[in-house]
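Visitor: Mind having a look at this structure? Questions to follow.
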Amino acid sequence: MEVSTIIFFSLLLCGVKAIHADASFAALATRVRLVEREINAWKLEAVNTDTNLINKFEVLESSLKEELTERFLPLLIKPLVKQAITDIMNEDYIGNIITGHVLREVQSVKANVQYTKTQLKTLAEQLRRVERDRDTYRKSLRKQRRSLTKDIRELQIQLNHTVADLRDARTTTCPLTTAASTDPSPSNTASLAPVTTQDSDLHATPSAAAGRRLYSASSRGDLETVTRILAAGHVDINTRGWWSRTPVMEAARRGHSDVVKFLVGRGADVSLEDSDGDNVLHVACRGGDLELVKLIVSSNLVDVNARNNDGRTAVDWARNYRHQRVVEFLRSRGGH
């Protein structure tokens, strides 16, 4: 074969190979581009995966921290704290400090308790005093109420007596005698000693109306009317009025010393007592007239320490009605 033919075929083969090589090149380039896109996609997926992993790791880390803090950490710390406390308590100086502090607190508590007990005792004593004062006040109030009730009733009785006196005055005339024989005035009566009278019959049958008039006049301190009634006679000089008091008792209670002197001078019995057991000195001390009390005591007609049905003395009545000067005078005469 000729050389030219061989060269021709060689060139022809080279051309065919070149053409085939160019086609393979183009396919290879296409494949490379596809691979690059896949690599880029894998890179993007790897980045996303990495981000997700990081986020999940952070969530897991937070969850683990929370779980450790809430569950495992106290379990780990508790034994450590107990051990630490045990170690501290084992130290003598720390123990002494704590013991001293505890002792001081205990002593402070004891002192507070003792102070509270003292305060309670003081309050209890004050409460008892208040209760006693309350009871005393109630008793005094009841007595004052009874006394006021008595006074009101006496005023009613006196009013009735006055009405009866006015009625009797319209229908009867009281005989009058001369002053020389029937008017032993207080100025002529030096003491409470009884005197003898001859101008009227005091032992005659007494008149109830005259007795009421005598009681009312004695209560008012009307010496002129008292003198006229006794001069008329037919009257009991010891007639009983409200609470069984006699005219001389009522005059003494009202402080009418001139009437008291006159009645005693006409024979009034000062030893009599009313329904409460009070005598003329008792009722005089209730009235509080010091001069009248002195006059009764100086006459030695009654016992200065005589007691009524409730065990009261004249001093008790004067003290109850706050007549301090009368109380002092009676005590100076042995009253109690």
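Starting from 1 in every chain, residues are counted up; chains themselves are A, B, ... following the order of the structure tokens, and ligands are numbered from 1 as listed.
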Excluding same-chain residues fewer than 4 positions from stretch 137-151 of chain A, what lies within 9 Å of it counting only C-alpha atoms, as a count of residues only?

Guide: 7

Visitor: As an exercise, work out the distance from atom CA of A:Ser299 to atom CA of A:Thr239 in Å and give it to one decimal place.

Guide: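 For atom CA of A:Ser299 relative to atom CA of A:Thr239, the distance reads 22.3 Å.
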
Visitor: Taking the DSSP secondary structure from the backbone, can you list the residues of stretch 212-276 of chain A that are helix (DSSP H, G or I), as a PyMOL selection string?

Guide: chain A and resi 212-220+223-232+242-244+247-254+257-265

Visitor: Need to verify the contact set: stretch 217-230 of chain A, 6 Å, only C-alpha atoms, exclusion of same-chain residues closer than 6 positions in sequence. Can you return it as a PyMOL selection string?

Guide: chain A and resi 247+250-251+256+259

Visitor: Report the distance between atom CA of A:Gly241 and atom CA of A:Arg153 in Å, rounded to one decimal place.

Guide: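 One can read the atom CA of A:Gly241 to atom CA of A:Arg153 distance as 11.1 Å.
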
Visitor: Which residues, written as a list in words, have at least one atom at most 12 Å from A:Asp310, with only C-alpha atoms counted and residues fewer than 4 positions away on the same chain left out?

Guide: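 The neighbour list is Lys143, Ser275, Asp276, Gly277, Asp278, Ala306, Ala314, Asp316 and Trp317 of chain A.
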
Visitor: Pick from A:Leu44, A:Val106, A:Ala124, A:Val326: nearest to A:Cys285, with only C-alpha atoms counted?

Guide: A:Val326

Visitor: What does the structure give for the distance between atom CA of A:Leu290 and atom CA of A:Ala231, in Å to one decimal?

Guide: 29.7 Å

Visitor: List the spatial neighbours of A:Arg286 as a ChimeraX atom specification - criterion: any atom at most 8 Å away, only C-alpha atoms, same-chain residues fewer than 6 positions off excluded.

Guide: /A:253,317-318,321
